[in-house]
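Structure file coords-v1.cif (mmCIF, C-alpha atoms) is printed below.
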data_work
#
loop_
_atom_site.group_PDB
_atom_site.id
_atom_site.type_symbol
_atom_site.label_atom_id
_atom_site.label_comp_id
_atom_site.auth_asym_id
_atom_site.auth_seq_id
_atom_site.Cartn_x
_atom_site.Cartn_y
_atom_site.Cartn_z
ATOM 1 C CA MET K 1 -6.785 2.642 18.234
ATOM 2 C CA LEU K 2 -7.733 -0.599 16.441
ATOM 3 C CA GLN K 3 -4.732 -0.226 14.133
ATOM 4 C CA GLN K 4 -2.372 0.179 17.118
ATOM 5 C CA THR K 5 -3.802 -2.954 18.746
ATOM 6 C CA SER K 6 -3.284 -5.063 15.629
ATOM 7 C CA LEU K 7 0.309 -3.812 15.309
ATOM 8 C CA LEU K 8 0.931 -4.629 18.936
ATOM 9 C CA ASN K 9 -0.485 -8.150 18.454
ATOM 10 C CA GLN K 10 1.848 -8.676 15.490
ATOM 11 C CA LYS K 11 4.875 -7.761 17.598
ATOM 12 C CA ILE K 12 3.913 -9.813 20.648
ATOM 13 C CA LYS K 13 4.303 -13.547 20.236
ATOM 14 C CA VAL K 14 1.077 -15.104 21.426
ATOM 15 C CA PHE K 15 1.526 -18.408 23.230
ATOM 16 C CA ASP K 16 -0.792 -20.965 21.640
ATOM 17 C CA LEU K 17 -1.991 -23.317 24.393
ATOM 18 C CA GLU K 18 -3.499 -25.773 21.927
ATOM 19 C CA LYS K 19 -0.184 -26.127 20.061
ATOM 20 C CA PHE K 20 1.567 -26.532 23.402
ATOM 21 C CA ARG K 21 -0.858 -29.277 24.473
ATOM 22 C CA ARG K 22 -0.317 -31.174 21.199
ATOM 23 C CA LEU K 23 3.467 -30.803 21.505
ATOM 24 C CA ARG K 24 3.371 -32.111 25.094
ATOM 25 C CA GLU K 25 1.201 -35.093 24.110
ATOM 26 C CA ASN K 26 3.372 -35.949 21.081
ATOM 27 C CA THR K 27 6.555 -35.689 23.133
ATOM 28 C CA GLU K 28 5.060 -37.890 25.847
ATOM 29 C CA LEU K 29 4.081 -40.513 23.240
ATOM 30 C CA GLU K 30 7.614 -40.479 21.796
ATOM 31 C CA TYR K 31 9.097 -40.612 25.298
ATOM 32 C CA LYS K 32 7.016 -43.660 26.252
ATOM 33 C CA LYS K 33 8.116 -45.520 23.100
ATOM 34 C CA ILE K 34 11.725 -45.440 24.294
ATOM 35 C CA ILE K 35 12.399 -48.067 26.929
ATOM 36 C CA SER K 36 16.160 -47.530 26.996
ATOM 37 C CA ILE K 37 19.023 -46.634 24.689
ATOM 38 C CA HIS K 38 22.711 -47.418 24.880
ATOM 39 C CA SER K 39 25.116 -44.605 25.760
ATOM 40 C CA PRO K 40 28.660 -45.099 24.423
ATOM 41 C CA ALA K 41 29.978 -42.490 26.879
ATOM 42 C CA LEU K 42 28.556 -44.283 29.911
ATOM 43 C CA LYS K 43 29.058 -47.759 28.398
ATOM 44 C CA SER K 44 25.603 -48.626 29.679
ATOM 45 C CA ASP K 45 21.927 -48.365 28.859
ATOM 46 C CA VAL K 46 19.975 -45.241 29.813
ATOM 47 C CA VAL K 47 16.387 -45.874 30.895
ATOM 48 C CA PHE K 48 13.571 -43.474 30.025
ATOM 49 C CA ASN K 49 11.353 -43.746 33.101
ATOM 50 C CA SER K 50 8.544 -41.532 34.360
ATOM 51 C CA ASP K 51 10.965 -39.456 36.499
ATOM 52 C CA GLY K 52 12.596 -38.007 33.389
ATOM 53 C CA PHE K 53 9.378 -36.924 31.713
ATOM 54 C CA HIS K 54 8.101 -35.532 35.011
ATOM 55 C CA HIS K 55 11.291 -33.457 35.306
ATOM 56 C CA LEU K 56 10.677 -31.958 31.844
ATOM 57 C CA ARG K 57 7.394 -30.565 33.196
ATOM 58 C CA TYR K 58 8.232 -29.827 36.840
ATOM 59 C CA ASP K 59 11.273 -28.419 38.624
ATOM 60 C CA ASN K 60 13.082 -29.854 41.665
ATOM 61 C CA THR K 61 10.574 -28.259 44.052
ATOM 62 C CA ARG K 62 7.750 -30.088 42.220
ATOM 63 C CA ALA K 63 6.406 -26.773 40.911
ATOM 64 C CA GLU K 64 5.299 -26.717 37.286
ATOM 65 C CA ARG K 65 7.816 -25.107 34.940
ATOM 66 C CA SER K 66 6.654 -22.208 32.804
ATOM 67 C CA LYS K 67 4.936 -23.226 29.572
ATOM 68 C CA GLU K 68 7.782 -21.647 27.575
ATOM 69 C CA SER K 69 10.373 -23.658 29.476
ATOM 70 C CA GLN K 70 8.412 -26.880 28.997
ATOM 71 C CA ARG K 71 7.923 -26.094 25.313
ATOM 72 C CA SER K 72 11.656 -25.614 24.883
ATOM 73 C CA LYS K 73 12.423 -28.944 26.553
ATOM 74 C CA PHE K 74 9.791 -30.753 24.460
ATOM 75 C CA LEU K 75 11.117 -29.238 21.225
ATOM 76 C CA PHE K 76 14.666 -30.424 21.948
ATOM 77 C CA PHE K 77 13.746 -33.866 23.284
ATOM 78 C CA ASN K 78 14.548 -35.725 20.030
ATOM 79 C CA LYS K 79 17.951 -34.017 19.956
ATOM 80 C CA ALA K 80 18.580 -35.346 23.474
ATOM 81 C CA VAL K 81 17.964 -38.906 22.302
ATOM 82 C CA ASP K 82 20.474 -38.425 19.445
ATOM 83 C CA ILE K 83 23.021 -36.900 21.813
ATOM 84 C CA ILE K 84 22.789 -39.857 24.201
ATOM 85 C CA ARG K 85 23.152 -42.336 21.314
ATOM 86 C CA LYS K 86 26.143 -40.583 19.747
ATOM 87 C CA SER K 87 28.101 -38.853 22.511
ATOM 88 C CA THR K 88 31.319 -40.617 23.479
ATOM 89 C CA THR K 89 32.514 -38.266 26.212
ATOM 90 C CA ILE K 90 31.004 -36.854 29.381
ATOM 91 C CA GLN K 91 31.385 -33.060 29.358
ATOM 92 C CA GLU K 92 30.075 -32.366 32.844
ATOM 93 C CA TYR K 93 29.813 -34.387 36.040
ATOM 94 C CA ARG K 94 28.246 -33.566 39.394
ATOM 95 C CA ARG K 95 27.694 -35.662 42.511
ATOM 96 C CA SER K 96 25.796 -35.037 45.723
ATOM 97 C CA VAL K 97 24.127 -36.844 48.607
ATOM 98 C CA MET K 98 20.409 -36.105 48.615
ATOM 99 C CA PRO K 99 17.209 -37.237 50.315
ATOM 100 C CA VAL K 100 15.373 -39.773 48.171
ATOM 101 C CA GLY K 101 11.792 -40.986 48.383
ATOM 102 C CA HIS K 102 9.051 -40.076 50.795
ATOM 103 C CA PRO K 103 9.608 -39.541 54.537
ATOM 104 C CA ASP K 104 8.665 -42.399 56.865
ATOM 105 C CA ARG K 105 6.286 -41.986 59.815
ATOM 106 C CA SER K 106 8.934 -40.249 61.907
ATOM 107 C CA GLY K 107 9.692 -37.776 59.105
ATOM 108 C CA PHE K 108 13.065 -39.376 58.324
ATOM 109 C CA ARG K 109 14.089 -39.588 54.657
ATOM 110 C CA LYS K 110 16.777 -41.899 53.350
ATOM 111 C CA THR K 111 19.678 -40.297 51.517
ATOM 112 C CA LYS K 112 21.586 -41.673 48.565
ATOM 113 C CA SER K 113 24.406 -40.630 46.305
ATOM 114 C CA VAL K 114 23.050 -38.898 43.186
ATOM 115 C CA GLU K 115 25.163 -38.292 40.078
ATOM 116 C CA TRP K 116 24.421 -36.132 37.045
ATOM 117 C CA PHE K 117 26.204 -36.554 33.704
ATOM 118 C CA GLY K 118 26.029 -33.709 31.182
ATOM 119 C CA PHE K 119 26.436 -34.007 27.427
ATOM 120 C CA TYR K 120 26.611 -30.995 25.094
ATOM 121 C CA ALA K 121 26.164 -30.981 21.344
ATOM 122 C CA ILE K 122 25.990 -28.235 18.745
ATOM 123 C CA THR K 123 22.943 -29.251 16.752
ATOM 124 C CA SER K 124 22.975 -26.344 14.295
ATOM 125 C CA PHE K 125 25.853 -24.052 13.410
ATOM 126 C CA SER K 126 23.718 -21.852 11.173
ATOM 127 C CA ASP K 127 21.038 -21.324 13.839
ATOM 128 C CA GLN K 128 23.613 -21.240 16.672
ATOM 129 C CA ILE K 129 21.949 -24.013 18.694
ATOM 130 C CA ARG K 130 23.746 -25.990 21.402
ATOM 131 C CA VAL K 131 21.816 -28.514 23.488
ATOM 132 C CA MET K 132 22.646 -29.971 26.890
ATOM 133 C CA THR K 133 21.343 -33.404 27.857
ATOM 134 C CA VAL K 134 21.486 -34.672 31.441
ATOM 135 C CA ILE K 135 21.534 -38.292 32.617
ATOM 136 C CA ARG K 136 21.064 -39.058 36.310
ATOM 137 C CA ARG K 137 22.009 -42.045 38.444
ATOM 138 C CA ILE K 138 20.848 -42.654 42.018
ATOM 139 C CA GLY K 139 22.723 -45.012 44.305
ATOM 140 C CA GLY K 140 26.262 -44.895 42.935
ATOM 141 C CA ASN K 141 27.634 -47.784 40.878
ATOM 142 C CA SER K 142 24.681 -50.003 41.762
ATOM 143 C CA GLY K 143 22.190 -47.448 40.433
ATOM 144 C CA GLN K 144 20.630 -47.312 37.002
ATOM 145 C CA TYR K 145 21.255 -44.454 34.544
ATOM 146 C CA HIS K 146 18.093 -42.652 33.519
ATOM 147 C CA PHE K 147 17.260 -39.690 31.316
ATOM 148 C CA TRP K 148 16.844 -36.546 33.407
ATOM 149 C CA SER K 149 16.665 -33.403 31.266
ATOM 150 C CA VAL K 150 17.345 -31.528 28.060
ATOM 151 C CA MET K 151 17.759 -27.804 27.521
ATOM 152 C CA PRO K 152 19.063 -25.366 24.946
ATOM 153 C CA PHE K 153 22.373 -24.027 26.186
ATOM 154 C CA TRP K 154 23.947 -20.825 24.904
ATOM 155 C CA THR K 155 24.857 -17.344 26.063
ATOM 156 C CA LEU K 156 23.846 -14.044 24.507
ATOM 157 C CA SER K 157 26.198 -11.295 23.431
ATOM 158 C CA ASN K 158 24.710 -8.218 21.771
ATOM 159 C CA LYS K 159 21.484 -10.211 21.266
ATOM 160 C CA GLN K 160 23.364 -12.925 19.337
ATOM 161 C CA ARG K 161 23.753 -16.511 20.469
ATOM 162 C CA ILE K 162 27.235 -17.669 21.400
ATOM 163 C CA ILE K 163 27.468 -21.474 21.390
ATOM 164 C CA GLY K 164 31.158 -21.871 22.111
ATOM 165 C CA SER K 165 34.172 -20.205 23.581
ATOM 166 C CA LYS K 166 35.177 -16.816 22.202
ATOM 167 C CA ILE K 167 38.802 -17.768 22.957
ATOM 168 C CA ILE K 168 38.830 -20.039 19.902
ATOM 169 C CA MET K 169 37.500 -17.235 17.692
ATOM 170 C CA ASP K 170 39.996 -14.712 19.045
ATOM 171 C CA ASN K 171 43.100 -16.888 18.458
#

How does the structure come out when it is put into structure tokens?
Amino acid sequence: MLQQTSLLNQKIKVFDLEKFRRLRENTELEYKKIISIHSPALKSDVVFNSDGFHHLRYDNTRAERSKESQRSKFLFFNKAVDIIRKSTTIQEYRRSVMPVGHPDRSGFRKTKSVEWFGFYAITSFSDQIRVMTVIRRIGGNSGQYHFWSVMPFWTLSNKQRIIGSKIIMDN
């Protein structure tokens, strides 16, 4: 029985909370060092405010993301900074009108135009890693760009990562 348990422990990846805590703290320190960086694609500076780091830890409903999801975002954060600095084209754009801020005494919440700008980059061909970085702007042209999120972005086919279109490979 003891032998089976040790084999099972070898196969199951144990999530190390202490390593996660250190990774979160180190990422937060690096995040706070960046005031803003220039984005050639947006032709403007992108601010790294508290909203962006909060979004790495919590989802849109203000619920904490899973530790694995947070870990993934923290691990790819430095790649996001490089992508913003180097990317010259916007690969994805989305716009919506959303409630912003806290409700007033009557329960009314102001709404504003919110835009999201997506940037993709293949960061490793050998490891099949593609990363998506998201910049957000609230308030249309008068709003300020700020870092919003980073995530690994690929699909799986037969348990292998696909980081681009199969059409290119098939032609």

Which of K:Glu25, K:Ile138, K:Gln70, K:Leu17 sits closest to Ser96 (chain K) [using only C-alpha atoms]: K:Ile138

Selected residue of minimal separation from Val46 (chain K) among K:Tyr120, K:Ile84, K:Ser142, K:Met151, counting only C-alpha atoms: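 Of K:Tyr120, K:Ile84, K:Ser142, K:Met151, the one nearest Val46 (chain K), counting only C-alpha atoms, is K:Ile84.
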
I'd like the residues picked by the PyMOL selection byres ((chain K and resi 30-38) around 12) written out as an mmCIF file with C-alpha atoms, in the frame of the given file, using the chain letters and numbers from the file.
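What follows is the written file part.cif:
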data_model
loop_
_atom_site.group_PDB
_atom_site.id
_atom_site.type_symbol
_atom_site.label_atom_id
_atom_site.label_comp_id
_atom_site.auth_asym_id
_atom_site.auth_seq_id
_atom_site.Cartn_x
_atom_site.Cartn_y
_atom_site.Cartn_z
ATOM 1 C CA LEU K 23 3.467 -30.803 21.505
ATOM 2 C CA ARG K 24 3.371 -32.111 25.094
ATOM 3 C CA GLU K 25 1.201 -35.093 24.110
ATOM 4 C CA ASN K 26 3.372 -35.949 21.081
ATOM 5 C CA THR K 27 6.555 -35.689 23.133
ATOM 6 C CA GLU K 28 5.060 -37.890 25.847
ATOM 7 C CA LEU K 29 4.081 -40.513 23.240
ATOM 8 C CA SER K 39 25.116 -44.605 25.760
ATOM 9 C CA PRO K 40 28.660 -45.099 24.423
ATOM 10 C CA ALA K 41 29.978 -42.490 26.879
ATOM 11 C CA LEU K 42 28.556 -44.283 29.911
ATOM 12 C CA LYS K 43 29.058 -47.759 28.398
ATOM 13 C CA SER K 44 25.603 -48.626 29.679
ATOM 14 C CA ASP K 45 21.927 -48.365 28.859
ATOM 15 C CA VAL K 46 19.975 -45.241 29.813
ATOM 16 C CA VAL K 47 16.387 -45.874 30.895
ATOM 17 C CA PHE K 48 13.571 -43.474 30.025
ATOM 18 C CA ASN K 49 11.353 -43.746 33.101
ATOM 19 C CA SER K 50 8.544 -41.532 34.360
ATOM 20 C CA ASP K 51 10.965 -39.456 36.499
ATOM 21 C CA GLY K 52 12.596 -38.007 33.389
ATOM 22 C CA PHE K 53 9.378 -36.924 31.713
ATOM 23 C CA HIS K 54 8.101 -35.532 35.011
ATOM 24 C CA LEU K 56 10.677 -31.958 31.844
ATOM 25 C CA PHE K 74 9.791 -30.753 24.460
ATOM 26 C CA LEU K 75 11.117 -29.238 21.225
ATOM 27 C CA PHE K 77 13.746 -33.866 23.284
ATOM 28 C CA ASN K 78 14.548 -35.725 20.030
ATOM 29 C CA ALA K 80 18.580 -35.346 23.474
ATOM 30 C CA VAL K 81 17.964 -38.906 22.302
ATOM 31 C CA ASP K 82 20.474 -38.425 19.445
ATOM 32 C CA ILE K 83 23.021 -36.900 21.813
ATOM 33 C CA ILE K 84 22.789 -39.857 24.201
ATOM 34 C CA ARG K 85 23.152 -42.336 21.314
ATOM 35 C CA LYS K 86 26.143 -40.583 19.747
ATOM 36 C CA SER K 87 28.101 -38.853 22.511
ATOM 37 C CA THR K 88 31.319 -40.617 23.479
ATOM 38 C CA ILE K 135 21.534 -38.292 32.617
ATOM 39 C CA GLN K 144 20.630 -47.312 37.002
ATOM 40 C CA TYR K 145 21.255 -44.454 34.544
ATOM 41 C CA HIS K 146 18.093 -42.652 33.519
ATOM 42 C CA PHE K 147 17.260 -39.690 31.316
ATOM 43 C CA TRP K 148 16.844 -36.546 33.407
#

Got a sec: who's within 12 Å of region 104-113 of chain K, counting all atoms listed in the file, leaving out chain neighbours fewer than 5 positions off, as a compact mmCIF listing (two decimals) with C-alpha atoms, in the frame of the given file?
# COMPACT_ATOMS: atom_id res chain seq x y z
CA ARG K 94 28.25 -33.57 39.39
CA ARG K 95 27.69 -35.66 42.51
CA SER K 96 25.80 -35.04 45.72
CA VAL K 97 24.13 -36.84 48.61
CA MET K 98 20.41 -36.10 48.62
CA PRO K 99 17.21 -37.24 50.32
CA ARG K 136 21.06 -39.06 36.31
CA ARG K 137 22.01 -42.04 38.44
CA ILE K 138 20.85 -42.65 42.02
CA GLY K 139 22.72 -45.01 44.30
CA GLY K 140 26.26 -44.90 42.94
CA ASN K 141 27.63 -47.78 40.88
CA SER K 142 24.68 -50.00 41.76
CA GLY K 143 22.19 -47.45 40.43

All residues 6 Å or closer to Arg130 (chain K), all atoms listed in the file, same chain fewer than 5 positions away omitted, as a PyMOL selection string: chain K and resi 121-123+152-153+163

d(CA of Thr133 (chain K), CA of Glu115 (chain K)) in Å: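 About the pair CA of Thr133 (chain K) and CA of Glu115 (chain K): they are 13.7 Å apart.
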
CA of Lys19 (chain K) to CA of Ser66 (chain K), straight-line distance in Å: 15.0 Å

Computed interatomic separation between CA of Arg65 (chain K) and CA of Trp116 (chain K) (Å):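 Atom-to-atom, CA of Arg65 (chain K) and CA of Trp116 (chain K) are spaced 20.0 Å apart.
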
Residues returned when the PyMOL selection byres ((chain K and resi 92) around 6) runs on this file, as an MDAnalysis selection string: chainID K and resid 90:91 93 117:118
